[in-house]
Amino acid sequence: MCPRPKGFTLIETLVASAVVSLLLGAIYFSLIYGFRQLRQTVAYSDVQQQAQLAIRSLKDDLGETNFAKVDLAVDRVAMISPRGLRDQPNSELYTYTGAGLLQYRSWVGYYRTTGGELRRAQIDVNPDVVLPDPIVAPAPAAFAAVTGPLVKTVARDLSLFQVTPDASIQTLSIAVTVRKAVNSTRRTELSLTAQVRARH
């Protein structure tokens, strides 16, 4: 009796190949699904962060201005601020006249670029003014022309940026929508609104 040859039969090889193919297919689709979920999670996190940055920065600046000196338009807002220019020492310290009146020291403008960036630019008010002294906001082109440390990108991927008067004359509404593509067919979007009251 001759010994049986060792090795795999054709059927055993086919079955093993089918099992390995199923396992590799399952791993492949699990990885694809995992990466897709990761992209969606990262996109949503980024959208949320950008929207919150925009709202927080706008609330900080609008909360310090006098609403009588806020210039509103689609995709932009300009306001007078008691803060000095960011590149100056003690820019965060407020200054007052001898009579104790708050002096306004700069113009702050926010505008949305065609690429969806929300930018913040500052222009010096020289000399400082005490409201209700007549003073007119710089033209939008003046804010767009600011360079260097006096302009910064606050948020990205904005598809909507709007500041509007609220029911109360002492309140403004801020609305931002941030939209980001997850892949060629899907995108994630978040809209945030906030109200800010005048401090001065």
# chains A, B, ... in the order shown; residues from 1 in each chain; ligands from 1
>>> residues_around(residues="Leu150 (chain A)", least_positions_apart="5", cutoff="12 Å", atoms="only C-alpha atoms", output="tab-separated table (two decimals) with N, CA, C and O atoms, in the first residue's frame")
chain	number	residue	atom	x	y	z
A	84	GLY	N	-7.35	99.71	21.16
A	84	GLY	CA	-6.35	100.25	20.24
A	84	GLY	C	-5.98	99.22	19.19
A	84	GLY	O	-6.50	98.09	19.18
A	85	LEU	N	-5.06	99.57	18.32
A	85	LEU	CA	-4.59	98.64	17.31
A	85	LEU	C	-3.81	97.50	17.97
A	85	LEU	O	-3.05	97.72	18.91
A	86	ARG	N	-3.98	96.32	17.46
A	86	ARG	CA	-3.36	95.14	18.08
A	86	ARG	C	-1.85	95.19	18.09
A	86	ARG	O	-1.21	94.53	18.90
A	87	ASP	N	-1.25	95.93	17.16
A	87	ASP	CA	0.22	95.96	17.12
A	87	ASP	C	0.80	97.03	18.05
A	87	ASP	O	2.00	97.25	18.07
A	88	GLN	N	-0.06	97.70	18.84
A	88	GLN	CA	0.41	98.72	19.77
A	88	GLN	C	0.41	98.15	21.20
A	88	GLN	O	-0.43	97.33	21.54
A	91	SER	N	-2.94	97.71	23.87
A	91	SER	CA	-4.07	97.89	22.95
A	91	SER	C	-5.40	97.51	23.59
A	91	SER	O	-6.45	97.98	23.18
A	106	SER	N	-10.28	102.76	17.46
A	106	SER	CA	-10.04	102.06	16.19
A	106	SER	C	-11.36	101.67	15.54
A	106	SER	O	-12.40	101.62	16.19
A	107	TRP	N	-11.29	101.40	14.24
A	107	TRP	CA	-12.40	100.79	13.51
A	107	TRP	C	-12.08	99.32	13.34
A	107	TRP	O	-10.95	98.96	13.01
A	108	VAL	N	-13.05	98.48	13.57
A	108	VAL	CA	-12.90	97.05	13.36
A	108	VAL	C	-13.88	96.64	12.27
A	108	VAL	O	-15.07	96.97	12.35
A	109	GLY	N	-13.39	95.95	11.26
A	109	GLY	CA	-14.25	95.49	10.18
A	109	GLY	C	-14.13	94.00	9.99
A	109	GLY	O	-13.03	93.44	10.05
A	110	TYR	N	-15.26	93.35	9.80
A	110	TYR	CA	-15.30	91.92	9.45
A	110	TYR	C	-15.86	91.82	8.05
A	110	TYR	O	-16.85	92.48	7.74
A	119	ARG	N	-12.63	87.55	7.66
A	119	ARG	CA	-11.43	88.29	8.07
A	119	ARG	C	-11.81	89.45	8.97
A	119	ARG	O	-12.86	90.07	8.81
A	120	ARG	N	-10.91	89.74	9.90
A	120	ARG	CA	-11.06	90.87	10.81
A	120	ARG	C	-9.90	91.82	10.53
A	120	ARG	O	-8.74	91.43	10.57
A	121	ALA	N	-10.23	93.10	10.28
A	121	ALA	CA	-9.20	94.10	10.00
A	121	ALA	C	-9.43	95.31	10.90
A	121	ALA	O	-10.57	95.60	11.28
A	122	GLN	N	-8.36	95.99	11.24
A	122	GLN	CA	-8.42	97.17	12.11
A	122	GLN	C	-7.83	98.38	11.41
A	122	GLN	O	-6.82	98.27	10.71
A	123	ILE	N	-8.48	99.53	11.64
A	123	ILE	CA	-8.00	100.81	11.11
A	123	ILE	C	-7.98	101.81	12.26
A	123	ILE	O	-8.95	101.89	13.03
A	124	ASP	N	-6.91	102.56	12.36
A	124	ASP	CA	-6.74	103.51	13.46
A	124	ASP	C	-7.72	104.67	13.35
A	124	ASP	O	-8.02	105.15	12.26
A	143	PHE	N	-10.89	98.34	4.53
A	143	PHE	CA	-10.64	97.17	5.38
A	143	PHE	C	-9.96	96.06	4.59
A	143	PHE	O	-9.07	95.38	5.08
A	144	ALA	N	-10.39	95.86	3.34
A	144	ALA	CA	-9.80	94.82	2.49
A	144	ALA	C	-8.35	95.13	2.16
A	144	ALA	O	-7.57	94.22	1.87
A	145	ALA	N	-7.96	96.42	2.22
A	145	ALA	CA	-6.59	96.81	1.89
A	145	ALA	C	-5.63	96.69	3.07
A	145	ALA	O	-4.42	96.81	2.91
>>> select_by_dssp(residues="region 17-137 of chain A", states="strand (DSSP E)", output="ChimeraX atom specification")
/A:70-73,76-81,104-112,118-129
>>> closest_residue(among="A:Val163, A:Ile55, A:Leu23, A:Val151", to="Asp71 (chain A)", atoms="only C-alpha atoms")
A:Val163
>>> closest_residue(among="A:Leu22, A:Val154, A:Ala43, A:Ile27", to="Lys180 (chain A)", atoms="only C-alpha atoms")
A:Ala43
>>> atom_distance(atom1="CA of Pro134 (chain A)", atom2="CA of Val70 (chain A)")
12.8 Å
>>> select_by_dssp(residues="region 112-151 of chain A", states="helix (DSSP H, G or I)", output="PDB file with N, CA, C and O atoms, in the first residue's frame")
ATOM      1  N   PRO A 140     -15.581  99.827   2.677  1.00  0.00           N
ATOM      2  CA  PRO A 140     -15.208  98.409   2.727  1.00  0.00           C
ATOM      3  C   PRO A 140     -13.852  98.122   2.097  1.00  0.00           C
ATOM      4  O   PRO A 140     -13.103  97.270   2.578  1.00  0.00           O
ATOM      5  N   ALA A 141     -13.505  98.844   1.033  1.00  0.00           N
ATOM      6  CA  ALA A 141     -12.215  98.621   0.371  1.00  0.00           C
ATOM      7  C   ALA A 141     -11.050  98.955   1.307  1.00  0.00           C
ATOM      8  O   ALA A 141      -9.972  98.367   1.188  1.00  0.00           O
ATOM      9  N   ALA A 142     -11.262  99.889   2.236  1.00  0.00           N
ATOM     10  CA  ALA A 142     -10.191 100.240   3.172  1.00  0.00           C
ATOM     11  C   ALA A 142      -9.870  99.066   4.097  1.00  0.00           C
ATOM     12  O   ALA A 142      -8.703  98.806   4.404  1.00  0.00           O
ATOM     13  N   PHE A 143     -10.886  98.336   4.532  1.00  0.00           N
ATOM     14  CA  PHE A 143     -10.642  97.167   5.385  1.00  0.00           C
ATOM     15  C   PHE A 143      -9.964  96.057   4.585  1.00  0.00           C
ATOM     16  O   PHE A 143      -9.071  95.381   5.080  1.00  0.00           O
ATOM     17  N   ALA A 144     -10.389  95.863   3.338  1.00  0.00           N
ATOM     18  CA  ALA A 144      -9.802  94.818   2.495  1.00  0.00           C
ATOM     19  C   ALA A 144      -8.346  95.130   2.162  1.00  0.00           C
ATOM     20  O   ALA A 144      -7.568  94.216   1.873  1.00  0.00           O
ATOM     21  N   GLY A 148      -0.684  92.949   7.095  1.00  0.00           N
ATOM     22  CA  GLY A 148       0.160  92.766   8.269  1.00  0.00           C
ATOM     23  C   GLY A 148      -0.616  92.278   9.471  1.00  0.00           C
ATOM     24  O   GLY A 148      -1.641  91.598   9.347  1.00  0.00           O
ATOM     25  N   PRO A 149      -0.142  92.645  10.677  1.00  0.00           N
ATOM     26  CA  PRO A 149      -0.761  92.110  11.895  1.00  0.00           C
ATOM     27  C   PRO A 149      -2.152  92.681  12.184  1.00  0.00           C
ATOM     28  O   PRO A 149      -2.835  92.202  13.080  1.00  0.00           O
ATOM     29  N   LEU A 150      -2.577  93.703  11.444  1.00  0.00           N
ATOM     30  CA  LEU A 150      -3.883  94.306  11.704  1.00  0.00           C
ATOM     31  C   LEU A 150      -5.017  93.609  10.944  1.00  0.00           C
ATOM     32  O   LEU A 150      -6.166  94.029  11.027  1.00  0.00           O
TER      33      LEU A 150
END
>>> closest_residue(among="A:Phe67, A:Tyr33, A:Tyr111, A:Phe8", to="Ile169 (chain A)", atoms="only C-alpha atoms")
A:Phe67
>>> atom_distance(atom1="CA of Ala73 (chain A)", atom2="CA of Val129 (chain A)")
23.5 Å
>>> residues_around(residues="Val176 (chain A)", least_positions_apart="4", cutoff="7 Å", atoms="only C-alpha atoms", output="list of chain:residue names")
A:Ala51, A:Leu158, A:Leu160, A:Phe161, A:Gln162, A:Ser191, A:Leu192, A:Thr193
>>> closest_residue(among="A:Thr164, A:Ile174, A:Val77, A:Thr97", to="Ala139 (chain A)", atoms="only C-alpha atoms")
A:Val77
>>> atom_distance(atom1="CA of Arg105 (chain A)", atom2="CA of Ser81 (chain A)")
6.1 Å
